[in-house]
Amino acid sequence: MSDEPGLRPAESATAEQERHSLPLDRFTAFSDGVFAIAITLLVLEISVPHGAVRVLPALREQWTEFLGYYISFAFIGGIWITHAGVTRFLKRGDAAAYALNLLLLLFVGLMPFTTDLMVTHLTGPDVKISVLLYGVNVLLGSLMLSVLIVYLAREPALLLNSIAESTLRRVSRQRWTAIGMNVLALVVALVAPQVAVGLYLVVTTLLLIIPLLGLRRHRRQPSAG
């Protein structure tokens, strides 16, 4: 029997889902704000040469800062594009989706700190631990996005249709190559941290390019209407 008079079981289940749902606009707006702030903080870590110094030589000396900026920009940008692609398949959120999203944003918000830590110690005695901590940050952020996508794909009540479910499952599978490379980079960081930074460069670039290619393929597909 339905818990509410006058409602059939299916209608009662839908009403129950509606009561426990959370607004999608708050989900996306807060996420976009964190992504934007994190990327802005990255560029603020790059110092401007002051005084009577030659600009180009001074900028060359800051190559580690620019490298760290690009790696983290590519990482956050790739996460943001994938996140935007995922949320367009949602019609509502729930408490678990909000919680998983907050954990993702926890690691995105930490990126300016771990980036600065890595580039500051890239040529110093603590290069191994700083590169390792940065890689852990990237790995955990990537894993949390994948966990969020897997959860959403298993909750059809939150999705627009069955096409959305199959698409999210495909996106989740596509991400495991880059995540596996990130795990490899962490292992390499224990013995050759500078090489690991090169792998981070490849991994974060992949995390940026893969969702862009997905958007391009989607645009080429004929509309179902």
# chains A, B, ... in the order shown; residues from 1 in each chain; ligands from 1
>>> select_by_dssp(residues="chain A", states="helix (DSSP H, G or I)", output="number ranges by chain")
A: 9-20, 24-44, 55-61, 63-87, 95-120, 127-153, 156-158, 162-174, 176-189, 193-220
>>> residues_around(residues="region 195-203 of chain A", least_positions_apart="6", cutoff="7 Å", atoms="only C-alpha atoms", output="CSV table (one decimal) with C-alpha atoms, in the first residue's frame")
chain,number,residue,atom,x,y,z
A,71,ILE,CA,50.0,21.2,-14.6
A,178,ALA,CA,44.8,8.6,-16.6
A,181,MET,CA,49.2,6.7,-15.0
A,182,ASN,CA,48.9,8.9,-11.9
A,185,ALA,CA,53.8,8.6,-11.3
A,186,LEU,CA,53.5,8.3,-7.5
A,188,VAL,CA,58.2,6.9,-9.8
A,189,ALA,CA,58.2,9.9,-7.4
>>> closest_residue(among="A:Ile209, A:Ala97, A:Leu59, A:Leu104", to="Glu155 (chain A)", atoms="only C-alpha atoms")
A:Ala97
>>> closest_residue(among="A:Ile46, A:Ala96, A:Leu106, A:Val183", to="Thr120 (chain A)", atoms="only C-alpha atoms")
A:Ile46
>>> closest_atom_pairs(of="region 61-175 of chain A", to="region 51-56 of chain A", cutoff="12 Å", atoms="only C-alpha atoms", output="CSV")
residue,atom,partner,partner_atom,distance
A:Glu61,CA,A:Leu56,CA,8.7
A:Gln62,CA,A:Leu56,CA,9.9
A:Trp63,CA,A:Leu56,CA,11.0
>>> residues_around(residues="Tyr151 (chain A)", least_positions_apart="6", cutoff="12 Å", atoms="only C-alpha atoms", output="MDAnalysis selection string")
chainID A and resid 86 93:101 144:145 157:159 165 168:169 172
>>> write_last_selection(atoms="C-alpha atoms", output="PDB file, in the first residue's frame")
ATOM      1  CA  VAL A  86      28.290  15.069 -15.939  1.00  0.00           C
ATOM      2  CA  GLY A  93      20.892  15.921  -6.542  1.00  0.00           C
ATOM      3  CA  ASP A  94      20.759  14.134  -3.215  1.00  0.00           C
ATOM      4  CA  ALA A  95      22.698  14.159   0.045  1.00  0.00           C
ATOM      5  CA  ALA A  96      25.203  11.518  -1.079  1.00  0.00           C
ATOM      6  CA  ALA A  97      25.925  13.322  -4.360  1.00  0.00           C
ATOM      7  CA  TYR A  98      26.417  16.577  -2.449  1.00  0.00           C
ATOM      8  CA  ALA A  99      28.789  14.865   0.001  1.00  0.00           C
ATOM      9  CA  LEU A 100      30.871  13.229  -2.747  1.00  0.00           C
ATOM     10  CA  ASN A 101      31.015  16.531  -4.603  1.00  0.00           C
ATOM     11  CA  MET A 144      36.711  11.405  -6.089  1.00  0.00           C
ATOM     12  CA  LEU A 145      35.394  12.611  -9.438  1.00  0.00           C
ATOM     13  CA  ALA A 157      16.277   8.676 -10.067  1.00  0.00           C
ATOM     14  CA  LEU A 158      18.812  11.523 -10.311  1.00  0.00           C
ATOM     15  CA  LEU A 159      19.337  11.198 -14.071  1.00  0.00           C
ATOM     16  CA  GLU A 165      23.188   6.423 -17.300  1.00  0.00           C
ATOM     17  CA  LEU A 168      28.170   8.315 -17.303  1.00  0.00           C
ATOM     18  CA  ARG A 169      29.322   4.704 -17.187  1.00  0.00           C
ATOM     19  CA  SER A 172      33.880   6.620 -15.768  1.00  0.00           C
TER      20      SER A 172
END
>>> residues_around(residues="Met111 (chain A)", least_positions_apart="5", cutoff="9 Å", atoms="only C-alpha atoms", output="PyMOL selection string")
chain A and resi 38-39+42+72+76+116+134+137-138
